[in-house]
$ cat start38.csv   # CSV, C-alpha atoms and all ligand atoms
chain,number,residue,atom,x,y,z
A,27,MET,CA,-30.0,-2.7,-31.9
A,28,LYS,CA,-32.3,-5.3,-30.5
A,29,ASN,CA,-30.7,-7.7,-28.0
A,30,ARG,CA,-30.6,-11.4,-28.8
A,31,TYR,CA,-29.7,-12.8,-25.4
A,32,ILE,CA,-31.1,-10.3,-22.9
A,33,LEU,CA,-34.8,-9.5,-23.1
A,34,ALA,CA,-35.8,-6.3,-21.3
A,35,GLU,CA,-39.5,-5.7,-20.5
A,36,GLU,CA,-40.6,-2.6,-18.6
A,37,PHE,CA,-43.6,-2.6,-16.2
A,38,GLN,CA,-44.2,0.8,-14.7
A,39,SER,CA,-40.9,1.6,-12.9
A,40,VAL,CA,-39.6,-2.0,-13.0
A,41,VAL,CA,-37.6,-3.7,-15.7
A,42,ARG,CA,-37.4,-7.4,-16.0
A,43,LEU,CA,-34.2,-8.7,-17.7
A,44,THR,CA,-34.5,-12.3,-18.9
A,45,LEU,CA,-31.4,-14.3,-19.8
A,46,ASN,CA,-32.5,-15.7,-23.1
A,47,ARG,CA,-30.3,-18.6,-24.2
A,48,SER,CA,-32.5,-21.4,-22.9
A,49,GLU,CA,-31.1,-24.1,-25.2
A,50,LYS,CA,-27.8,-23.8,-23.3
A,51,LEU,CA,-29.5,-23.2,-19.9
A,52,ASN,CA,-28.8,-19.5,-20.3
A,53,SER,CA,-25.0,-20.0,-19.9
A,54,PHE,CA,-23.0,-16.9,-20.9
A,55,ASN,CA,-21.2,-16.7,-24.1
A,56,SER,CA,-19.2,-13.5,-24.8
A,57,GLU,CA,-22.0,-11.9,-26.8
A,58,MET,CA,-24.5,-12.5,-24.1
A,59,ALA,CA,-22.2,-11.1,-21.4
A,60,SER,CA,-21.5,-8.0,-23.5
A,61,GLU,CA,-25.3,-7.4,-24.1
A,62,PHE,CA,-25.8,-7.8,-20.3
A,63,ILE,CA,-23.2,-5.3,-19.5
A,64,ASP,CA,-24.7,-2.8,-22.0
A,65,VAL,CA,-28.2,-3.3,-20.7
A,66,LEU,CA,-27.2,-3.0,-17.0
A,67,THR,CA,-25.3,0.2,-17.8
A,68,GLU,CA,-28.3,1.6,-19.6
A,69,TYR,CA,-30.7,0.9,-16.7
A,70,LYS,CA,-28.2,2.2,-14.2
A,71,GLU,CA,-28.6,5.6,-15.8
A,72,ASN,CA,-32.4,5.4,-16.5
A,73,LYS,CA,-34.1,7.3,-13.7
A,74,ASN,CA,-37.5,6.1,-14.7
A,75,ILE,CA,-36.6,2.6,-13.8
A,76,ARG,CA,-36.4,2.1,-10.0
A,77,CYS,CA,-36.1,-1.7,-9.6
A,78,ILE,CA,-34.5,-4.4,-11.8
A,79,ILE,CA,-35.4,-8.1,-11.9
A,80,ILE,CA,-33.1,-10.7,-13.4
A,81,THR,CA,-34.5,-14.1,-14.3
A,82,GLY,CA,-33.9,-16.9,-16.9
A,83,LYS,CA,-35.9,-18.1,-19.8
A,84,GLY,CA,-37.0,-21.7,-19.8
A,85,ARG,CA,-36.0,-24.3,-17.1
A,86,ALA,CA,-32.8,-22.7,-15.9
A,87,PHE,CA,-31.8,-19.4,-14.3
A,88,CYS,CA,-28.2,-19.6,-15.6
A,89,ALA,CA,-25.6,-22.4,-16.0
A,90,GLY,CA,-22.6,-20.0,-15.7
A,91,GLN,CA,-19.9,-19.7,-18.4
A,92,ASP,CA,-20.5,-21.4,-21.7
A,93,LEU,CA,-17.8,-24.0,-21.4
A,94,ALA,CA,-18.0,-25.0,-25.0
A,95,GLU,CA,-17.1,-21.4,-26.1
A,96,VAL,CA,-14.1,-21.4,-23.8
A,97,ILE,CA,-12.7,-24.5,-25.5
A,98,GLU,CA,-13.6,-23.4,-29.0
A,99,GLN,CA,-12.0,-20.0,-28.7
A,100,GLY,CA,-9.1,-21.1,-26.5
A,101,LEU,CA,-9.6,-18.1,-24.3
A,102,GLU,CA,-7.6,-17.3,-21.2
A,103,LEU,CA,-9.9,-17.7,-18.2
A,104,GLY,CA,-8.6,-14.6,-16.4
A,105,GLU,CA,-9.4,-12.6,-19.5
A,106,ILE,CA,-13.0,-13.8,-19.6
A,107,VAL,CA,-13.4,-13.1,-15.9
A,108,SER,CA,-12.1,-9.5,-16.3
A,109,LYS,CA,-14.0,-8.7,-19.5
A,110,CYS,CA,-17.3,-10.4,-18.7
A,111,TYR,CA,-18.0,-11.3,-15.1
A,112,ASN,CA,-16.2,-8.7,-13.1
A,113,PRO,CA,-17.9,-5.8,-14.8
A,114,ILE,CA,-21.3,-7.5,-14.4
A,115,ILE,CA,-20.9,-8.1,-10.7
A,116,LYS,CA,-19.6,-4.6,-10.1
A,117,LEU,CA,-22.5,-3.1,-12.0
A,118,ILE,CA,-24.9,-5.1,-9.8
A,119,ARG,CA,-23.2,-4.2,-6.5
A,120,GLU,CA,-22.9,-0.5,-7.6
A,121,MET,CA,-26.4,-0.2,-9.1
A,122,PRO,CA,-28.1,2.6,-7.3
A,123,LYS,CA,-31.5,0.8,-7.2
A,124,PRO,CA,-32.6,-2.6,-6.0
A,125,ILE,CA,-32.0,-5.7,-8.1
A,126,ILE,CA,-33.9,-8.9,-7.5
A,127,ALA,CA,-32.7,-12.2,-8.8
A,128,SER,CA,-35.7,-14.4,-9.5
A,129,VAL,CA,-34.2,-17.8,-9.7
A,130,ASN,CA,-36.5,-19.9,-11.8
A,131,GLY,CA,-34.3,-23.1,-12.1
A,132,VAL,CA,-30.7,-24.2,-11.9
A,133,ALA,CA,-28.2,-21.5,-11.0
A,134,ALA,CA,-24.7,-23.0,-11.5
A,135,GLY,CA,-21.2,-21.6,-11.4
A,136,ALA,CA,-21.1,-18.0,-12.3
A,137,GLY,CA,-24.9,-18.2,-12.7
A,138,ALA,CA,-25.2,-19.0,-9.0
A,139,ASN,CA,-22.9,-16.1,-8.0
A,140,LEU,CA,-24.7,-13.7,-10.4
A,141,ALA,CA,-27.9,-14.4,-8.4
A,142,LEU,CA,-26.1,-14.1,-5.1
A,143,ALA,CA,-24.7,-10.7,-6.0
A,144,CYS,CA,-28.2,-9.3,-6.3
A,145,ASP,CA,-29.9,-7.4,-3.4
A,146,ILE,CA,-32.8,-9.8,-3.0
A,147,VAL,CA,-32.8,-13.4,-4.1
A,148,VAL,CA,-36.0,-15.3,-4.5
A,149,ALA,CA,-36.4,-18.8,-6.1
A,150,SER,CA,-38.9,-21.3,-7.2
A,151,ARG,CA,-39.2,-24.5,-5.1
A,152,GLU,CA,-37.6,-26.5,-7.8
A,153,ALA,CA,-34.6,-24.1,-8.3
A,154,PHE,CA,-31.2,-25.1,-7.0
A,155,PHE,CA,-27.8,-23.5,-6.6
A,156,ILE,CA,-24.5,-25.3,-7.5
A,157,GLN,CA,-21.0,-23.9,-6.9
A,158,ALA,CA,-20.0,-26.1,-9.9
A,159,PHE,CA,-16.5,-24.7,-10.2
A,160,SER,CA,-14.7,-27.4,-8.1
A,161,LYS,CA,-16.0,-30.1,-10.4
A,162,ILE,CA,-13.9,-28.7,-13.2
A,163,GLY,CA,-10.9,-27.6,-11.2
A,164,LEU,CA,-11.8,-23.9,-11.1
A,165,ILE,CA,-12.4,-21.5,-8.3
A,166,PRO,CA,-15.7,-19.7,-7.5
A,167,ASP,CA,-15.6,-16.4,-9.5
A,168,SER,CA,-18.2,-13.7,-10.0
A,169,GLY,CA,-17.8,-12.6,-6.4
A,170,GLY,CA,-18.5,-16.1,-5.0
A,171,THR,CA,-15.5,-16.0,-2.6
A,172,PHE,CA,-16.6,-12.6,-1.5
A,173,MET,CA,-20.4,-13.0,-1.1
A,174,LEU,CA,-20.6,-16.6,0.2
A,175,PRO,CA,-18.7,-16.2,3.5
A,176,ARG,CA,-20.5,-12.9,4.1
A,177,LEU,CA,-23.9,-14.5,3.5
A,178,ILE,CA,-23.6,-17.9,5.2
A,179,GLY,CA,-20.3,-17.9,7.1
A,180,MET,CA,-16.9,-19.5,6.2
A,181,ALA,CA,-17.7,-23.1,7.2
A,182,ARG,CA,-20.8,-23.4,4.9
A,183,ALA,CA,-19.1,-21.3,2.2
A,184,THR,CA,-16.1,-23.7,2.2
A,185,ALA,CA,-18.2,-26.9,2.1
A,186,LEU,CA,-20.5,-25.5,-0.6
A,187,THR,CA,-17.6,-24.5,-2.8
A,188,TYR,CA,-15.5,-27.6,-2.2
A,189,PHE,CA,-18.3,-30.2,-2.7
A,190,GLY,CA,-20.2,-28.3,-5.4
A,191,GLU,CA,-23.4,-30.1,-4.3
A,192,LYS,CA,-26.9,-29.1,-5.3
A,193,LEU,CA,-28.5,-26.7,-2.7
A,194,MET,CA,-32.2,-26.7,-3.1
A,195,ALA,CA,-34.1,-23.4,-2.7
A,196,ASP,CA,-35.7,-24.5,0.6
A,197,ASP,CA,-32.3,-25.3,2.1
A,198,ALA,CA,-30.9,-22.0,0.7
A,199,VAL,CA,-33.7,-20.1,2.5
A,200,ASP,CA,-33.0,-22.2,5.7
A,201,ILE,CA,-29.3,-21.3,5.8
A,202,GLY,CA,-30.0,-17.6,5.0
A,203,LEU,CA,-28.4,-17.7,1.5
A,204,ILE,CA,-31.6,-16.4,-0.2
A,205,TYR,CA,-34.6,-14.4,0.9
A,206,LYS,CA,-37.7,-16.5,0.0
A,207,ARG,CA,-38.9,-19.3,-2.2
A,208,PHE,CA,-42.2,-19.6,-3.9
A,209,GLU,CA,-44.1,-22.3,-5.7
A,210,GLU,CA,-43.0,-22.3,-9.3
A,211,GLU,CA,-46.3,-21.0,-10.7
A,212,HIS,CA,-46.2,-18.0,-8.4
A,213,LEU,CA,-42.6,-17.0,-8.8
A,214,GLN,CA,-42.9,-14.4,-11.5
A,215,LYS,CA,-46.1,-12.8,-9.9
A,216,GLU,CA,-44.5,-12.7,-6.4
A,217,THR,CA,-41.3,-11.4,-7.8
A,218,MET,CA,-43.1,-8.6,-9.6
A,219,LYS,CA,-45.1,-7.7,-6.4
A,220,LEU,CA,-41.7,-7.3,-4.5
A,221,ALA,CA,-40.3,-5.3,-7.4
A,222,ILE,CA,-43.3,-2.9,-7.7
A,223,LYS,CA,-43.1,-2.4,-3.9
A,224,LEU,CA,-39.4,-1.6,-4.1
A,225,SER,CA,-39.8,0.7,-7.1
A,226,GLN,CA,-42.3,2.8,-5.1
A,227,MET,CA,-39.9,3.2,-2.2
A,228,PRO,CA,-37.4,6.1,-1.7
A,229,THR,CA,-34.9,4.8,-4.3
A,230,LEU,CA,-32.0,7.1,-3.2
A,231,GLY,CA,-32.4,6.0,0.4
A,232,LEU,CA,-32.2,2.4,-0.7
A,233,ALA,CA,-29.1,3.2,-2.8
A,234,PHE,CA,-27.4,4.8,0.2
A,235,THR,CA,-28.4,1.8,2.3
A,236,LYS,CA,-26.8,-0.5,-0.3
A,237,GLU,CA,-23.7,1.6,-0.3
A,238,ALA,CA,-23.4,1.3,3.4
A,239,LEU,CA,-24.1,-2.4,3.5
A,240,ASN,CA,-21.5,-2.9,0.7
A,241,LYS,CA,-18.8,-1.5,3.1
A,242,SER,CA,-19.9,-3.1,6.3
A,243,PHE,CA,-17.6,-6.1,6.3
A,244,GLU,CA,-14.5,-4.0,5.4
A,245,ASN,CA,-14.9,-1.0,7.6
A,246,SER,CA,-14.1,-0.6,11.2
A,247,LEU,CA,-17.0,0.5,13.4
A,248,THR,CA,-15.6,4.0,13.4
A,249,GLN,CA,-15.4,4.1,9.6
A,250,GLN,CA,-18.9,2.6,9.3
A,251,LEU,CA,-20.3,5.2,11.7
A,252,SER,CA,-18.7,8.0,9.7
A,253,LEU,CA,-20.1,6.5,6.5
A,254,GLU,CA,-23.6,6.3,8.0
A,255,GLU,CA,-23.3,10.0,9.1
A,256,GLU,CA,-22.3,11.0,5.6
A,257,LEU,CA,-25.0,9.0,3.9
A,258,GLN,CA,-27.7,10.1,6.4
A,259,ASN,CA,-26.8,13.6,5.6
A,260,LYS,CA,-27.3,13.0,1.9
A,261,ALA,CA,-30.6,11.1,2.5
A,262,GLY,CA,-31.8,14.0,4.5
A,263,LYS,CA,-31.5,16.2,1.5
A,264,THR,CA,-33.7,14.1,-0.8
A,265,TYR,CA,-37.2,14.9,-1.9
A,266,ASP,CA,-38.3,11.5,-0.6
A,267,TYR,CA,-37.2,12.2,2.9
A,268,SER,CA,-39.3,15.4,3.0
A,269,GLU,CA,-42.2,13.6,1.5
A,270,GLY,CA,-41.9,10.7,3.9
A,271,VAL,CA,-41.9,13.0,6.9
A,272,ALA,CA,-44.7,15.2,5.6
A,273,ALA,CA,-46.9,12.1,4.8
A,274,PHE,CA,-46.2,10.8,8.4
A,275,ILE,CA,-47.3,14.1,10.0
A,276,GLU,CA,-50.3,14.4,7.7
A,277,LYS,CA,-51.2,10.8,8.3
A,278,ARG,CA,-51.4,9.9,4.5
A,279,LYS,CA,-49.6,7.5,2.2
A,280,PRO,CA,-46.3,8.9,0.9
A,281,GLN,CA,-45.7,9.4,-2.9
A,282,PHE,CA,-42.0,8.8,-3.3
A,283,LYS,CA,-40.3,9.9,-6.5
A,284,GLY,CA,-36.9,8.3,-6.1
A,285,GLU,CA,-35.3,11.7,-5.9
A,301,LIG,C1,-24.0,-25.8,-21.2
A,301,LIG,C2,-23.7,-25.4,-20.0
A,301,LIG,C3,-22.5,-24.6,-19.9
A,301,LIG,C4,-22.2,-24.8,-22.2
A,301,LIG,C5,-25.5,-26.5,-19.7
A,301,LIG,N1,-21.8,-24.4,-21.0
A,301,LIG,N2,-23.3,-25.6,-22.3
A,301,LIG,C6,-15.8,-18.1,-15.7
A,301,LIG,C7,-14.8,-17.7,-16.7
A,301,LIG,C8,-14.1,-18.5,-17.4
A,301,LIG,C9,-14.1,-19.8,-17.6
A,301,LIG,C10,-14.9,-20.7,-16.9
A,301,LIG,O1,-15.8,-20.4,-15.9
A,301,LIG,C11,-16.2,-19.3,-15.4
A,301,LIG,C12,-17.2,-19.4,-14.4
A,301,LIG,C13,-18.1,-20.6,-14.5
A,301,LIG,O2,-19.3,-20.4,-14.6
A,301,LIG,S1,-17.5,-22.1,-14.4
A,301,LIG,C14,-18.9,-23.2,-14.2
A,301,LIG,C15,-19.6,-23.4,-15.5
A,301,LIG,N3,-20.8,-24.1,-15.3
A,301,LIG,C16,-20.9,-25.4,-15.1
A,301,LIG,O3,-19.9,-26.1,-14.8
A,301,LIG,C17,-22.3,-26.0,-15.1
A,301,LIG,C18,-22.3,-27.0,-16.3
A,301,LIG,N4,-23.6,-27.5,-16.5
A,301,LIG,C19,-24.1,-28.5,-15.7
A,301,LIG,O4,-23.5,-29.0,-14.9
A,301,LIG,C20,-25.5,-29.0,-16.1
A,301,LIG,O5,-25.8,-28.6,-17.4
A,301,LIG,C21,-26.6,-28.5,-15.1
A,301,LIG,C22,-26.4,-29.2,-13.7
A,301,LIG,C23,-26.5,-27.0,-15.0
A,301,LIG,C24,-27.9,-28.9,-15.6
A,301,LIG,O6,-27.9,-30.3,-16.0
A,301,LIG,P1,-29.1,-30.9,-16.9
A,301,LIG,O7,-30.4,-30.5,-16.3
A,301,LIG,O8,-28.9,-32.4,-16.9
A,301,LIG,O9,-28.9,-30.3,-18.3
A,301,LIG,P2,-27.8,-30.6,-19.4
A,301,LIG,O10,-26.5,-30.8,-18.8
A,301,LIG,O11,-28.4,-31.7,-20.3
A,301,LIG,O12,-27.8,-29.2,-20.2
A,301,LIG,C25,-28.7,-28.9,-21.3
A,301,LIG,C26,-27.9,-28.2,-22.4
A,301,LIG,O13,-27.3,-27.1,-21.9
A,301,LIG,C27,-26.8,-29.2,-22.9
A,301,LIG,O14,-26.7,-28.9,-24.3
A,301,LIG,P3,-27.1,-29.9,-25.4
A,301,LIG,O15,-26.8,-29.3,-26.7
A,301,LIG,O16,-26.4,-31.2,-25.1
A,301,LIG,O17,-28.6,-30.1,-25.2
A,301,LIG,C28,-25.6,-28.7,-22.2
A,301,LIG,O18,-24.4,-29.0,-22.8
A,301,LIG,C29,-25.9,-27.2,-22.1
A,301,LIG,N5,-25.2,-26.5,-21.0
A,301,LIG,N6,-24.6,-25.8,-19.1
A,301,LIG,N7,-22.1,-24.1,-18.7
$ encode --input "start38.csv" --output "structure tokens" --more "lines below"
Ligand code: LHQ
Amino acid sequence: MKNRYILAEEFQSVVRLTLNRSEKLNSFNSEMASEFIDVLTEYKENKNIRCIIITGKGRAFCAGQDLAEVIEQGLELGEIVSKCYNPIIKLIREMPKPIIASVNGVAAGAGANLALACDIVVASREAFFIQAFSKIGLIPDSGGTFMLPRLIGMARATALTYFGEKLMADDAVDIGLIYKRFEEEHLQKETMKLAIKLSQMPTLGLAFTKEALNKSFENSLTQQLSLEEELQNKAGKTYDYSEGVAAFIEKRKPQFKGE
């Protein structure tokens, strides 16, 4: 069935997923969340796709949870978190291929934390991030309390989440929250360049790197060294490792397959 709220466009080995509910600033209702989970699950399995871009239609990236739906349906918030946001964030962090958030406008609440869960975050100059939760008496979900202290330290994470102020893309780059910002008219093109580059890299090697980085703040040094040993062993058995070394020796450009 064709999706209504998540558009998927494939370019070579890249897929761009566009949150498509622009009249409500791409805020998530339950149908959109469910479509997103299905699409992410599908692309997790799809070996032909080696990099994913997430962006938003219109002037916003994503304004988080659709607050009107919460009121209308009288839903328990914990239930929404467990059915919608937790699976999305887990799928992103466990995705064995790079995911780029291309933040084209406001990213608020769960929308901000969705972007920050991605491997690489780029934004247009006009984009901004708001930890909007405190304004309505909620806590940062969608991995916000996990990712923010790791990305920018506890002091900044606390201030951003308490005050819920706008953080412009330039400032987000300056504090190390996101990777790069581009002029609005260049965002999609520059994002695609990064995605094509990543999609031609050794995908399994990148997946093992992500797996190790995912553990780095929880493990002791000894545990992390063991994990690196285990993953390096696996990386050394991939086609792309053999190809990378052969290309180096033969002084030619490697042709990685993501295997
Ligand atoms: C919206 C929304 C929205 C519905 C804009 N909902 N309609 C998880 C699980 C369970 C429960 C609760 O929460 C969570 C996690 C969360 O994400 S909580 C945080 C939810 N998000 C927010 O609090 C942000 C709410 N939105 C805003 O503060 C503003 O809309 C921002 C700052 C994003 C943009 O402001 P403006 O540029 O002035 O746009 P606007 O406010 O006029 O919005 C345009 C339309 O989009 C408008 O609809 P309308 O029919 O009046 O044109 C808004 O009602 C609608 N919209 N965000 N989250």
$ closest_residue --input "start38.csv" --among "A:Glu36, A:Glu216, A:Glu191, A:Asp145" --to "Asn72 in chain A" --atoms "all atoms listed in the file"
A:Glu36
$ residues_near_ligand --input "start38.csv" --ligand "ligand LIG 301 (chain A)" --cutoff "8 Å" --atoms "only C-alpha atoms and all ligand atoms" --output "PyMOL selection string"
chain A and resi 48-54+86+88-96+102-107+110-111+132-137+156-159+161-162+164-168
$ write_last_selection --input "start38.csv" --atoms "C-alpha atoms" --output "short mmCIF file (atom, residue, chain, number, x, y, z; two decimals), in the frame of the given file"
data_model
loop_
_atom_site.label_atom_id
_atom_site.label_comp_id
_atom_site.auth_asym_id
_atom_site.auth_seq_id
_atom_site.Cartn_x
_atom_site.Cartn_y
_atom_site.Cartn_z
CA SER A 48 -32.50 -21.40 -22.90
CA GLU A 49 -31.10 -24.10 -25.20
CA LYS A 50 -27.80 -23.80 -23.30
CA LEU A 51 -29.50 -23.20 -19.90
CA ASN A 52 -28.80 -19.50 -20.30
CA SER A 53 -25.00 -20.00 -19.90
CA PHE A 54 -23.00 -16.90 -20.90
CA ALA A 86 -32.80 -22.70 -15.90
CA CYS A 88 -28.20 -19.60 -15.60
CA ALA A 89 -25.60 -22.40 -16.00
CA GLY A 90 -22.60 -20.00 -15.70
CA GLN A 91 -19.90 -19.70 -18.40
CA ASP A 92 -20.50 -21.40 -21.70
CA LEU A 93 -17.80 -24.00 -21.40
CA ALA A 94 -18.00 -25.00 -25.00
CA GLU A 95 -17.10 -21.40 -26.10
CA VAL A 96 -14.10 -21.40 -23.80
CA GLU A 102 -7.60 -17.30 -21.20
CA LEU A 103 -9.90 -17.70 -18.20
CA GLY A 104 -8.60 -14.60 -16.40
CA GLU A 105 -9.40 -12.60 -19.50
CA ILE A 106 -13.00 -13.80 -19.60
CA VAL A 107 -13.40 -13.10 -15.90
CA CYS A 110 -17.30 -10.40 -18.70
CA TYR A 111 -18.00 -11.30 -15.10
CA VAL A 132 -30.70 -24.20 -11.90
CA ALA A 133 -28.20 -21.50 -11.00
CA ALA A 134 -24.70 -23.00 -11.50
CA GLY A 135 -21.20 -21.60 -11.40
CA ALA A 136 -21.10 -18.00 -12.30
CA GLY A 137 -24.90 -18.20 -12.70
CA ILE A 156 -24.50 -25.30 -7.50
CA GLN A 157 -21.00 -23.90 -6.90
CA ALA A 158 -20.00 -26.10 -9.90
CA PHE A 159 -16.50 -24.70 -10.20
CA LYS A 161 -16.00 -30.10 -10.40
CA ILE A 162 -13.90 -28.70 -13.20
CA LEU A 164 -11.80 -23.90 -11.10
CA ILE A 165 -12.40 -21.50 -8.30
CA PRO A 166 -15.70 -19.70 -7.50
CA ASP A 167 -15.60 -16.40 -9.50
CA SER A 168 -18.20 -13.70 -10.00
#
$ residues_near_point --input "start38.csv" --point "(-35.4, -14.4, -16.2)" --cutoff "8 Å" --atoms "all atoms listed in the file" --output "PDB file with C-alpha atoms, keeping the file's coordinate frame"
ATOM      1  CA  ARG A  42     -37.400  -7.400 -16.000  1.00  0.00           C
ATOM      2  CA  LEU A  43     -34.200  -8.700 -17.700  1.00  0.00           C
ATOM      3  CA  THR A  44     -34.500 -12.300 -18.900  1.00  0.00           C
ATOM      4  CA  LEU A  45     -31.400 -14.300 -19.800  1.00  0.00           C
ATOM      5  CA  ASN A  46     -32.500 -15.700 -23.100  1.00  0.00           C
ATOM      6  CA  ILE A  79     -35.400  -8.100 -11.900  1.00  0.00           C
ATOM      7  CA  ILE A  80     -33.100 -10.700 -13.400  1.00  0.00           C
ATOM      8  CA  THR A  81     -34.500 -14.100 -14.300  1.00  0.00           C
ATOM      9  CA  GLY A  82     -33.900 -16.900 -16.900  1.00  0.00           C
ATOM     10  CA  LYS A  83     -35.900 -18.100 -19.800  1.00  0.00           C
ATOM     11  CA  PHE A  87     -31.800 -19.400 -14.300  1.00  0.00           C
ATOM     12  CA  SER A 128     -35.700 -14.400  -9.500  1.00  0.00           C
ATOM     13  CA  VAL A 129     -34.200 -17.800  -9.700  1.00  0.00           C
ATOM     14  CA  ASN A 130     -36.500 -19.900 -11.800  1.00  0.00           C
TER      15      ASN A 130
END
$ atom_distance --input "start38.csv" --atom1 "CA of Tyr188 in chain A" --atom2 "CA of Arg85 in chain A"
25.6 Å
$ atom_distance --input "start38.csv" --atom1 "CA of Met121 in chain A" --atom2 "CA of Gly169 in chain A"
15.3 Å
$ closest_residue --input "start38.csv" --among "A:Leu220, A:Met173, A:Ala195, A:Met227" --to "Ile146 in chain A" --atoms "only C-alpha atoms"
A:Leu220
$ closest_residue --input "start38.csv" --among "A:Ala238, A:Leu224, A:Ile201, A:Cys77" --to "Leu174 in chain A" --atoms "all atoms listed in the file"
A:Ile201
$ atom_distance --input "start38.csv" --atom1 "CA of Gln281 in chain A" --atom2 "CA of Glu269 in chain A"
7.0 Å
$ residues_around --input "start38.csv" --residues "Asn29 in chain A" --least-positions-apart "3" --cutoff "9 Å" --atoms "only C-alpha atoms" --output "PyMOL selection string"
chain A and resi 32-34+58+61+65
$ write_last_selection --input "start38.csv" --atoms "C-alpha atoms" --output "CSV table (one decimal), in the coordinates of the input"
chain,number,residue,atom,x,y,z
A,32,ILE,CA,-31.1,-10.3,-22.9
A,33,LEU,CA,-34.8,-9.5,-23.1
A,34,ALA,CA,-35.8,-6.3,-21.3
A,58,MET,CA,-24.5,-12.5,-24.1
A,61,GLU,CA,-25.3,-7.4,-24.1
A,65,VAL,CA,-28.2,-3.3,-20.7
$ closest_residue --input "start38.csv" --among "A:Gln258, A:Ser39, A:Gln226, A:Asn112" --to "Tyr69 in chain A" --atoms "all atoms listed in the file"
A:Ser39
$ closest_residue --input "start38.csv" --among "A:Ile115, A:Ala221, A:Ala198, A:Val40" --to "Ala59 in chain A" --atoms "only C-alpha atoms"
A:Ile115
